[in-house]
Amino acid sequence: MVDEEVDSDALRRVAERRSTMLAMVESLTRRLHGIRESATWTASDDEHDPEGVTVAFERAQVSGLLDLARDELRELDAAEARILAGTYGRCQVCGRPIGDERLAALPAVTTCITCTDRRRG
Ligand SMILES: [Zn+2]
């Protein structure tokens, strides 16, 4: 195992993406706490209070985003492990290279665009 075999560009991209996602988790967590605090002031009659519905909706939306961000952090850890193992950048479905552009945009991605589309469709 020679150092040159590790894709340092990919490692750097994953590290950059991770710090972006960590900042996002932090800001979403703060936002969620803010919503909770304001909700205690208006939590009298959620069903008939239009503001209560808005708060519940916003809270669901923010916690959904938070889940996604945390998922991506886990995927970034896995991506880093794949880089170090030398298996990074290959589609986990068809085994073909994922493509540099796609990896640059989504460093934690595990499937090529063809397989992602097929799975979605
Ligand atoms: Zn594929």
# chains A, B, ... in the order shown; residues from 1 in each chain; ligands from 1
call {"tool": "select_by_dssp", "arguments": {"residues": "stretch 60-92 of chain A", "states": "helix (DSSP H, G or I)", "output": "number ranges by chain"}}
result
A: 60-85
call {"tool": "residues_near_ligand", "arguments": {"ligand": "ligand 1", "cutoff": "10 Å", "atoms": "only C-alpha atoms and all ligand atoms", "output": "PDB file with N, CA and C atoms, in the first residue's frame"}}
result
ATOM      1  N   ARG A  90     -16.811   3.789  -7.333  1.00  0.00           N
ATOM      2  CA  ARG A  90     -17.448   2.750  -8.146  1.00  0.00           C
ATOM      3  C   ARG A  90     -18.893   2.595  -7.697  1.00  0.00           C
ATOM      4  N   CYS A  91     -19.771   2.466  -8.666  1.00  0.00           N
ATOM      5  CA  CYS A  91     -21.183   2.284  -8.377  1.00  0.00           C
ATOM      6  C   CYS A  91     -21.390   0.969  -7.623  1.00  0.00           C
ATOM      7  N   GLN A  92     -22.152   1.018  -6.527  1.00  0.00           N
ATOM      8  CA  GLN A  92     -22.356  -0.190  -5.730  1.00  0.00           C
ATOM      9  C   GLN A  92     -23.392  -1.117  -6.353  1.00  0.00           C
ATOM     10  N   VAL A  93     -24.069  -0.653  -7.387  1.00  0.00           N
ATOM     11  CA  VAL A  93     -25.053  -1.501  -8.057  1.00  0.00           C
ATOM     12  C   VAL A  93     -24.435  -2.180  -9.271  1.00  0.00           C
ATOM     13  N   CYS A  94     -23.863  -1.371 -10.185  1.00  0.00           N
ATOM     14  CA  CYS A  94     -23.371  -1.948 -11.443  1.00  0.00           C
ATOM     15  C   CYS A  94     -21.847  -2.073 -11.477  1.00  0.00           C
ATOM     16  N   GLY A  95     -21.137  -1.442 -10.518  1.00  0.00           N
ATOM     17  CA  GLY A  95     -19.686  -1.579 -10.443  1.00  0.00           C
ATOM     18  C   GLY A  95     -18.915  -0.701 -11.411  1.00  0.00           C
ATOM     19  N   ARG A  96     -19.624   0.111 -12.203  1.00  0.00           N
ATOM     20  CA  ARG A  96     -18.935   1.014 -13.128  1.00  0.00           C
ATOM     21  C   ARG A  96     -18.515   2.292 -12.400  1.00  0.00           C
ATOM     22  N   PRO A  97     -17.504   3.020 -12.952  1.00  0.00           N
ATOM     23  CA  PRO A  97     -17.086   4.280 -12.317  1.00  0.00           C
ATOM     24  C   PRO A  97     -18.250   5.274 -12.255  1.00  0.00           C
ATOM     25  N   ILE A  98     -18.345   5.986 -11.144  1.00  0.00           N
ATOM     26  CA  ILE A  98     -19.466   6.907 -10.939  1.00  0.00           C
ATOM     27  C   ILE A  98     -19.287   8.185 -11.761  1.00  0.00           C
ATOM     28  N   THR A 110     -23.141   6.709  -3.724  1.00  0.00           N
ATOM     29  CA  THR A 110     -22.679   5.318  -3.857  1.00  0.00           C
ATOM     30  C   THR A 110     -23.132   4.670  -5.155  1.00  0.00           C
ATOM     31  N   THR A 111     -23.968   5.377  -5.928  1.00  0.00           N
ATOM     32  CA  THR A 111     -24.446   4.793  -7.183  1.00  0.00           C
ATOM     33  C   THR A 111     -24.273   5.782  -8.329  1.00  0.00           C
ATOM     34  N   CYS A 112     -24.080   5.262  -9.536  1.00  0.00           N
ATOM     35  CA  CYS A 112     -23.941   6.108 -10.710  1.00  0.00           C
ATOM     36  C   CYS A 112     -25.306   6.688 -11.081  1.00  0.00           C
ATOM     37  N   ILE A 113     -25.297   7.666 -11.968  1.00  0.00           N
ATOM     38  CA  ILE A 113     -26.532   8.354 -12.312  1.00  0.00           C
ATOM     39  C   ILE A 113     -27.550   7.394 -12.957  1.00  0.00           C
ATOM     40  N   THR A 114     -27.061   6.446 -13.742  1.00  0.00           N
ATOM     41  CA  THR A 114     -27.951   5.492 -14.409  1.00  0.00           C
ATOM     42  C   THR A 114     -28.703   4.638 -13.383  1.00  0.00           C
ATOM     43  N   CYS A 115     -27.958   4.111 -12.404  1.00  0.00           N
ATOM     44  CA  CYS A 115     -28.581   3.243 -11.408  1.00  0.00           C
ATOM     45  C   CYS A 115     -29.493   4.043 -10.482  1.00  0.00           C
ATOM     46  N   THR A 116     -29.124   5.293 -10.173  1.00  0.00           N
ATOM     47  CA  THR A 116     -29.968   6.133  -9.332  1.00  0.00           C
ATOM     48  C   THR A 116     -31.287   6.406 -10.030  1.00  0.00           C
ATOM     49  N   ASP A 117     -31.229   6.741 -11.312  1.00  0.00           N
ATOM     50  CA  ASP A 117     -32.446   6.993 -12.082  1.00  0.00           C
ATOM     51  C   ASP A 117     -33.316   5.757 -12.153  1.00  0.00           C
ATOM     52  N   ARG A 118     -32.676   4.617 -12.374  1.00  0.00           N
ATOM     53  CA  ARG A 118     -33.413   3.364 -12.496  1.00  0.00           C
ATOM     54  C   ARG A 118     -34.128   3.027 -11.185  1.00  0.00           C
ATOM     55  N   ARG A 119     -33.433   3.263 -10.075  1.00  0.00           N
ATOM     56  CA  ARG A 119     -34.000   2.954  -8.771  1.00  0.00           C
ATOM     57  C   ARG A 119     -35.192   3.860  -8.454  1.00  0.00           C
TER      58      ARG A 119
END
call {"tool": "residues_around", "arguments": {"residues": "A:Ala104", "least_positions_apart": "3", "cutoff": "9 Å", "atoms": "only C-alpha atoms", "output": "PyMOL selection string"}}
result
chain A and resi 10+13+99-101+107
call {"tool": "residues_around", "arguments": {"residues": "A:Ser63", "least_positions_apart": "4", "cutoff": "9 Å", "atoms": "only C-alpha atoms", "output": "VMD selection string"}}
result
chain A and resid 28 to 29 32 58 to 59 67 to 68
call {"tool": "atom_distance", "arguments": {"atom1": "atom CA of A:Ser38", "atom2": "atom CA of A:Gln61"}}
result
15.8 Å
call {"tool": "residues_around", "arguments": {"residues": "A:Leu84", "least_positions_apart": "3", "cutoff": "8 Å", "atoms": "only C-alpha atoms", "output": "JSON, numbers by chain"}}
result
{"A": [6, 7, 80, 81, 87]}
call {"tool": "atom_distance", "arguments": {"atom1": "atom CA of A:Ala79", "atom2": "atom CA of A:Thr20"}}
result
15.5 Å
call {"tool": "closest_residue", "arguments": {"among": "A:Glu5, A:Arg120, A:Ala15, A:Val25", "to": "A:Asp71", "atoms": "only C-alpha atoms"}}
result
A:Val25
call {"tool": "closest_residue", "arguments": {"among": "A:Ile35, A:Ala56, A:Val109, A:Ala23", "to": "A:Asp77", "atoms": "only C-alpha atoms"}}
result
A:Val109
call {"tool": "closest_residue", "arguments": {"among": "A:Leu22, A:Arg30, A:Arg102, A:Ala108", "to": "A:Ile83", "atoms": "only C-alpha atoms"}}
result
A:Ala108
call {"tool": "closest_residue", "arguments": {"among": "A:Leu76, A:Val53, A:Leu65, A:Ala60", "to": "A:Arg18", "atoms": "only C-alpha atoms"}}
result
A:Leu76
